[in-house]
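Contents: one structure, followed by commentary.
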Amino acid sequence: MSMYVRLAEGRYLASEHTQGPWDPATQHMGPVTALIVHELARAAPRPGLGLSRLVVDVFAPVPVAELEIATEVARDGKRVQYLTASVSSGGREYARASAWRIRELREAGTPATPVPGPPAPLPPHAEEQARSWLGSGFGYGRALDWRFVVGGPMELGPATVWGRLTIPLVEGEEMTPLERLAVFADSGNGVSFALDFATHVFVNVDLTISLFRSPEGEWICMDAETVIGPSGRGLTRSTLYDETGQVGTATQTLFVAPR
């Protein structure tokens with residue numbers, strides 16, 4: 001049981017565990033984003049460079065089907081790398097991504113500001129309401145362990161929630177902390193509702209993840225807030241943490257419309 005099965009180099013078959021909340025035939029962008037990270041890690045890897053920014057632009061809902069991910073190193077420098085990735089299915093491109101890798105200095109005396117800790121500790125047990133709603137819903141929701149600290153799965157307003165993927169991303173392949181963060185980071189608009197899910201759609205057309213350090217461990221915490229503008233657009237801003245402290249941010253631009 002996994003989100004994807006590798007078919008060949010750069011080709012994967014999506015499972016029902018990638019399903020999003022809007023249509024069971026389309027994927028949540030969390031798994032797609034994590035799969036992009038998985039493939040980018042195989043593109044010209046070099047010790048000492050860490051992924052610092054990832055931007056994913058979504059051209060259309062990604063189907064639960066066979067996917068092909070093509071990557072390219074657009075700039076390969078000593079201190080930075082710029083990479084791109086394209087996600088397609090059946091000959092159609094559904095998403096395009098770009099990423100920066102930046103040199104990681106580990107020299108004594110390198111200046112660093114104090115890292116803020118998580119806004120709340122990891123709760124010992126999953127919140128019952130979250131388990132009930134997500135357990136009967138879409139595949140992506142069932143594949144994660146959700147632990148709400150502030151807000152809830154059907155509550156309007158900001159939310160603070162811990163999450164952990166409970167199944168492998170790719171069958172038979174080890175998952176990294178960065179992939180765990182990527183699979184969760186696209187959930188900001190889904191946990192911090194600003195409009196009723198039953199009456200409106202608020203789908204993100206992009207996702208930008210910016211990191212000032214690499215995440216660690218299985219659990220990621222998201223402190224998310226969504227604002228809706230007067231002309232059918234919205235913005236979700238999420239601060240991301242691991243159990244040690246803050247690692248970066250995620251933002252999503254939203255298309256908003258009545259159902």
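If you're wondering about the labels, chains in the structure tokens are A, B, ... by order shown, residues count from 1 in each chain, ligands from 1 in order shown.
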
Excluding A:Gly137 and residues on its chain fewer than 6 positions from it, collect all residues at most 10 Å away from it, counting only C-alpha atoms, and give them as a PDB file with N, CA, C and O atoms, in the first residue's frame.
```pdb
ATOM      1  N   GLN A  19      -6.002  10.574  -3.860  1.00  0.00           N
ATOM      2  CA  GLN A  19      -7.248  11.286  -4.202  1.00  0.00           C
ATOM      3  C   GLN A  19      -7.415  12.570  -3.397  1.00  0.00           C
ATOM      4  O   GLN A  19      -7.173  12.598  -2.187  1.00  0.00           O
ATOM      5  N   GLY A  20      -7.855  13.625  -4.071  1.00  0.00           N
ATOM      6  CA  GLY A  20      -8.140  14.890  -3.422  1.00  0.00           C
ATOM      7  C   GLY A  20      -9.597  15.017  -3.028  1.00  0.00           C
ATOM      8  O   GLY A  20     -10.421  14.154  -3.353  1.00  0.00           O
ATOM      9  N   PRO A  21      -9.964  16.115  -2.350  1.00  0.00           N
ATOM     10  CA  PRO A  21     -11.325  16.277  -1.832  1.00  0.00           C
ATOM     11  C   PRO A  21     -12.342  16.756  -2.857  1.00  0.00           C
ATOM     12  O   PRO A  21     -13.550  16.645  -2.615  1.00  0.00           O
ATOM     13  N   PRO A  24     -12.904  12.468  -6.834  1.00  0.00           N
ATOM     14  CA  PRO A  24     -12.148  11.229  -6.568  1.00  0.00           C
ATOM     15  C   PRO A  24     -11.271  10.783  -7.731  1.00  0.00           C
ATOM     16  O   PRO A  24     -10.393   9.936  -7.549  1.00  0.00           O
ATOM     17  N   ARG A 131     -10.262  12.354  12.678  1.00  0.00           N
ATOM     18  CA  ARG A 131     -10.223  10.966  12.249  1.00  0.00           C
ATOM     19  C   ARG A 131     -11.537  10.566  11.591  1.00  0.00           C
ATOM     20  O   ARG A 131     -11.565   9.890  10.578  1.00  0.00           O
TER      21      ARG A 131
END
```

(request) Compile the contact shell of A:Gly10 as a list in words: residues with an atom at most 8 Å away, counting only C-alpha atoms, same-chain residues fewer than 6 positions apart removed. (result)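 Counting only the stated atoms, we get Glu39, Glu68, Ile69 and Ala70 of chain A.
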
Store the residues of this selection in a file with N, CA, C and O atoms, as a CSV table (one decimal), in the first residue's frame.
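Saved to again_35.csv:
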```
chain,number,residue,atom,x,y,z
A,39,GLU,N,11.7,13.0,-7.4
A,39,GLU,CA,12.4,12.9,-8.6
A,39,GLU,C,13.5,14.0,-8.7
A,39,GLU,O,14.6,13.7,-9.3
A,68,GLU,N,4.1,11.0,-15.6
A,68,GLU,CA,5.5,11.0,-16.1
A,68,GLU,C,6.1,12.3,-15.6
A,68,GLU,O,5.5,13.4,-15.7
A,69,ILE,N,7.3,12.3,-14.9
A,69,ILE,CA,7.9,13.4,-14.4
A,69,ILE,C,9.3,13.6,-15.1
A,69,ILE,O,10.2,12.7,-15.0
A,70,ALA,N,9.4,14.7,-15.8
A,70,ALA,CA,10.7,15.0,-16.5
A,70,ALA,C,11.4,16.1,-15.7
A,70,ALA,O,10.8,17.1,-15.5
```

(request) May I have all residues of stretch 28-259 of chain A that DSSP, computed from the backbone, assigns to helix (DSSP H, G or I), given as a count of residues only? (result) 38

(request) Would you mind telling me which residue in A:Leu67, A:Ala25, A:Val227, A:Leu83 lies nearest to A:Arg53 when using only C-alpha atoms? (result)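 With only C-alpha atoms as the atom set, the closest residue is A:Leu83.
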
(request) Take atom CA of A:Gln252 and atom CA of A:Met222 and report the distance between them in Å, one decimal. (result)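 One can read the atom CA of A:Gln252 to atom CA of A:Met222 distance as 13.3 Å.
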
(request) State, in Å with one decimal place, the distance from atom CA of A:Thr236 to atom CA of A:Phe148. (result)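 About the pair atom CA of A:Thr236 and atom CA of A:Phe148: they are 17.5 Å apart.
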
(request) Name the closest residue to A:Gly141 among the candidates A:Tyr82, A:Pro153, A:Leu105, A:Leu195; distances are taken between atoms, counting only C-alpha atoms. (result) A:Pro153

(message) I'd like the interatomic distance between atom CA of A:Glu174 and atom CA of A:Leu240, to a tenth of an Å.
(response)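 About the pair atom CA of A:Glu174 and atom CA of A:Leu240: they are 22.1 Å apart.
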
(request) Do a neighbour search on stretch 98-102 of chain A at 9 Å with only C-alpha atoms, toss out local chain neighbours closer than 6 positions, and write the hits as number ranges by chain. (result) A: 40, 48-57, 79-86

Can I get the selection written as a compact mmCIF listing (two decimals), in the first residue's frame, with N, CA and C atoms?
```txt
# COMPACT_ATOMS: atom_id res chain seq x y z
N LEU A 40 13.26 15.17 -8.17
CA LEU A 40 14.31 16.19 -8.19
C LEU A 40 15.54 15.74 -7.41
N GLY A 48 26.01 18.69 0.15
CA GLY A 48 26.26 20.07 0.53
C GLY A 48 25.28 21.06 -0.05
N LEU A 49 24.39 20.61 -0.95
CA LEU A 49 23.34 21.49 -1.48
C LEU A 49 22.00 21.03 -0.94
N GLY A 50 21.20 21.97 -0.45
CA GLY A 50 19.89 21.64 0.10
C GLY A 50 18.80 22.40 -0.61
N LEU A 51 17.63 21.75 -0.80
CA LEU A 51 16.51 22.42 -1.45
C LEU A 51 16.00 23.55 -0.56
N SER A 52 15.96 24.75 -1.11
CA SER A 52 15.59 25.94 -0.35
C SER A 52 14.28 26.56 -0.80
N ARG A 53 13.92 26.35 -2.05
CA ARG A 53 12.64 26.85 -2.54
C ARG A 53 12.11 25.92 -3.61
N LEU A 54 10.79 25.67 -3.55
CA LEU A 54 10.10 24.88 -4.57
C LEU A 54 8.82 25.61 -4.92
N VAL A 55 8.62 25.85 -6.22
CA VAL A 55 7.39 26.47 -6.72
C VAL A 55 6.72 25.49 -7.67
N VAL A 56 5.46 25.18 -7.41
CA VAL A 56 4.69 24.28 -8.26
C VAL A 56 3.50 25.05 -8.82
N ASP A 57 3.41 25.14 -10.14
CA ASP A 57 2.26 25.77 -10.81
C ASP A 57 1.37 24.67 -11.36
N ARG A 79 27.65 26.86 -5.96
CA ARG A 79 26.96 27.21 -4.72
C ARG A 79 25.45 27.09 -4.81
N VAL A 80 24.91 27.10 -6.02
CA VAL A 80 23.46 26.99 -6.20
C VAL A 80 23.17 26.13 -7.42
N GLN A 81 22.01 25.52 -7.41
CA GLN A 81 21.47 24.81 -8.57
C GLN A 81 20.03 25.25 -8.78
N TYR A 82 19.67 25.38 -10.05
CA TYR A 82 18.28 25.69 -10.40
C TYR A 82 17.75 24.53 -11.23
N LEU A 83 16.67 23.90 -10.77
CA LEU A 83 16.12 22.73 -11.43
C LEU A 83 14.67 22.97 -11.82
N THR A 84 14.21 22.23 -12.82
CA THR A 84 12.81 22.29 -13.23
C THR A 84 12.26 20.88 -13.33
N ALA A 85 10.94 20.79 -13.25
CA ALA A 85 10.26 19.50 -13.37
C ALA A 85 8.91 19.71 -14.03
N SER A 86 8.50 18.74 -14.83
CA SER A 86 7.22 18.79 -15.52
C SER A 86 6.46 17.50 -15.24
```

(message) I'd like the contact shell of A:Pro124 - 12 Å cut-off, only C-alpha atoms, skipping same-chain residues fewer than 4 positions apart - returned as JSON, numbers by chain.
(response) {"A": [120, 145, 146, 147, 148, 149, 162]}

Print the selection's residues with all heavy atoms to a file, as a compact mmCIF listing (two decimals), in the first residue's frame.
```
# COMPACT_ATOMS: atom_id res chain seq x y z
N ALA A 120 2.75 24.62 19.17
CA ALA A 120 2.13 23.74 20.15
C ALA A 120 2.79 22.37 20.03
O ALA A 120 3.19 21.97 18.94
CB ALA A 120 0.62 23.63 19.92
N ASP A 145 -2.05 10.92 9.30
CA ASP A 145 -2.47 11.03 10.69
C ASP A 145 -2.55 12.52 11.00
O ASP A 145 -1.54 13.22 10.98
CB ASP A 145 -1.44 10.32 11.58
CG ASP A 145 -1.86 10.28 13.05
OD1 ASP A 145 -2.87 10.92 13.40
OD2 ASP A 145 -1.16 9.61 13.83
N TRP A 146 -3.76 13.02 11.27
CA TRP A 146 -3.99 14.45 11.50
C TRP A 146 -4.19 14.68 12.98
O TRP A 146 -5.01 14.00 13.62
CB TRP A 146 -5.24 14.91 10.75
CG TRP A 146 -5.21 14.67 9.28
CD1 TRP A 146 -5.51 13.51 8.63
CD2 TRP A 146 -4.87 15.62 8.26
NE1 TRP A 146 -5.38 13.67 7.27
CE2 TRP A 146 -5.00 14.95 7.02
CE3 TRP A 146 -4.49 16.96 8.29
CZ2 TRP A 146 -4.74 15.59 5.81
CZ3 TRP A 146 -4.24 17.59 7.08
CH2 TRP A 146 -4.37 16.91 5.86
N ARG A 147 -3.51 15.68 13.54
CA ARG A 147 -3.66 16.00 14.95
C ARG A 147 -3.81 17.51 15.11
O ARG A 147 -2.84 18.25 15.14
CB ARG A 147 -2.47 15.46 15.75
CG ARG A 147 -2.30 13.95 15.56
CD ARG A 147 -1.40 13.34 16.59
NE ARG A 147 -1.19 11.92 16.32
CZ ARG A 147 -0.50 11.10 17.10
NH1 ARG A 147 0.03 11.56 18.22
NH2 ARG A 147 -0.35 9.83 16.78
N PHE A 148 -5.08 17.94 15.19
CA PHE A 148 -5.38 19.37 15.28
C PHE A 148 -5.12 19.88 16.69
O PHE A 148 -5.48 19.25 17.68
CB PHE A 148 -6.84 19.63 14.89
CG PHE A 148 -7.07 19.66 13.42
CD1 PHE A 148 -7.31 18.49 12.71
CD2 PHE A 148 -7.05 20.86 12.72
CE1 PHE A 148 -7.54 18.52 11.34
CE2 PHE A 148 -7.26 20.89 11.35
CZ PHE A 148 -7.51 19.72 10.65
N VAL A 149 -4.50 21.06 16.75
CA VAL A 149 -4.28 21.76 18.01
C VAL A 149 -5.21 22.97 18.09
O VAL A 149 -5.81 23.24 19.13
CB VAL A 149 -2.81 22.22 18.12
CG1 VAL A 149 -2.59 23.01 19.41
CG2 VAL A 149 -1.87 21.02 18.06
N TRP A 162 -0.75 19.12 13.30
CA TRP A 162 0.38 18.25 13.01
C TRP A 162 -0.08 17.16 12.05
O TRP A 162 -1.23 16.72 12.10
CB TRP A 162 0.89 17.59 14.29
CG TRP A 162 1.62 18.50 15.22
CD1 TRP A 162 1.08 19.29 16.19
CD2 TRP A 162 3.04 18.71 15.28
NE1 TRP A 162 2.05 19.99 16.85
CE2 TRP A 162 3.27 19.64 16.32
CE3 TRP A 162 4.12 18.21 14.55
CZ2 TRP A 162 4.56 20.08 16.65
CZ3 TRP A 162 5.40 18.63 14.88
CH2 TRP A 162 5.61 19.56 15.92
```

(request) Name the closest residue to A:Ala182 among the candidates A:Ser231, A:Ser210, A:Thr33, A:Thr160; distances are taken between atoms, counting only C-alpha atoms. (result)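 Selected residue with least distance to A:Ala182: A:Thr33.
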
(message) Can you pull out the residues contacting A:Glu171? Cut-off 10 Å, using only C-alpha atoms, and skip same-chain residues under 5 positions away; I want them as number ranges by chain.
(response) A: 1-6

Export all heavy atoms of the chosen residues as a CSV table (one decimal), in the first residue's frame?
```
chain,number,residue,atom,x,y,z
A,1,MET,N,0.9,-1.2,0.0
A,1,MET,CA,0.0,0.0,0.0
A,1,MET,C,0.9,1.2,0.0
A,1,MET,O,1.7,1.4,0.9
A,1,MET,CB,-0.9,0.0,1.2
A,1,MET,CG,-1.9,1.2,1.3
A,1,MET,SD,-3.1,1.0,2.6
A,1,MET,CE,-2.1,1.0,4.0
A,2,SER,N,0.7,2.1,-1.0
A,2,SER,CA,1.5,3.3,-1.2
A,2,SER,C,0.8,4.3,-2.0
A,2,SER,O,-0.3,3.9,-2.6
A,2,SER,CB,2.9,2.9,-1.8
A,2,SER,OG,2.7,2.4,-3.1
A,3,MET,N,1.3,5.5,-2.1
A,3,MET,CA,0.7,6.5,-3.0
A,3,MET,C,1.0,6.3,-4.4
A,3,MET,O,0.2,6.5,-5.3
A,3,MET,CB,1.1,7.9,-2.5
A,3,MET,CG,0.5,8.3,-1.2
A,3,MET,SD,0.8,10.0,-0.8
A,3,MET,CE,-0.6,10.4,0.3
A,4,TYR,N,2.2,5.8,-4.7
A,4,TYR,CA,2.6,5.6,-6.1
A,4,TYR,C,3.4,4.3,-6.2
A,4,TYR,O,4.1,3.8,-5.3
A,4,TYR,CB,3.5,6.7,-6.6
A,4,TYR,CG,2.9,8.1,-6.6
A,4,TYR,CD1,3.1,9.0,-5.5
A,4,TYR,CD2,2.0,8.5,-7.6
A,4,TYR,CE1,2.5,10.2,-5.5
A,4,TYR,CE2,1.4,9.7,-7.6
A,4,TYR,CZ,1.7,10.6,-6.6
A,4,TYR,OH,1.1,11.8,-6.6
A,5,VAL,N,3.4,3.7,-7.4
A,5,VAL,CA,4.2,2.6,-7.8
A,5,VAL,C,5.1,3.0,-9.0
A,5,VAL,O,4.5,3.5,-10.0
A,5,VAL,CB,3.3,1.4,-8.2
A,5,VAL,CG1,4.2,0.2,-8.7
A,5,VAL,CG2,2.5,0.9,-7.0
A,6,ARG,N,6.4,2.8,-8.9
A,6,ARG,CA,7.3,3.2,-10.0
A,6,ARG,C,7.1,2.1,-11.1
A,6,ARG,O,7.2,0.9,-10.9
A,6,ARG,CB,8.7,3.2,-9.5
A,6,ARG,CG,9.7,3.6,-10.6
A,6,ARG,CD,11.1,3.5,-10.1
A,6,ARG,NE,11.4,4.5,-9.1
A,6,ARG,CZ,11.8,5.8,-9.3
A,6,ARG,NH1,11.8,6.2,-10.6
A,6,ARG,NH2,12.0,6.6,-8.4
```

(request) Rank A:Leu207, A:Ala159, A:Ala257, A:Val32 by their smallest atom-to-atom distance to A:Pro119, using only C-alpha atoms, and report the top residue only. (result)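 Answer, going by the shortest atom-to-atom distance: A:Ala159.
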
(request) For A:Gly190, work out the shell of residues within 12 Å, counting only C-alpha atoms and skipping chain neighbours fewer than 2 positions away, then give it as an MDAnalysis selection string. (result) chainID A and resid 20:22 28:30 134 140:141 151:161 184:188 192:197 201:204 222 224:226 235:238 252 254

(message) DSSP on the backbone: which residues in stretch 37-104 of chain A end up as strand (DSSP E)? Give the answer as a ChimeraX atom specification.
(response) /A:49-58,66-76,80-89,92-103

(request) Rank nothing, just name the residue among A:Arg11, A:His38, A:Arg233, A:Lys78 nearest to A:Thr176, using only C-alpha atoms. (result) A:His38
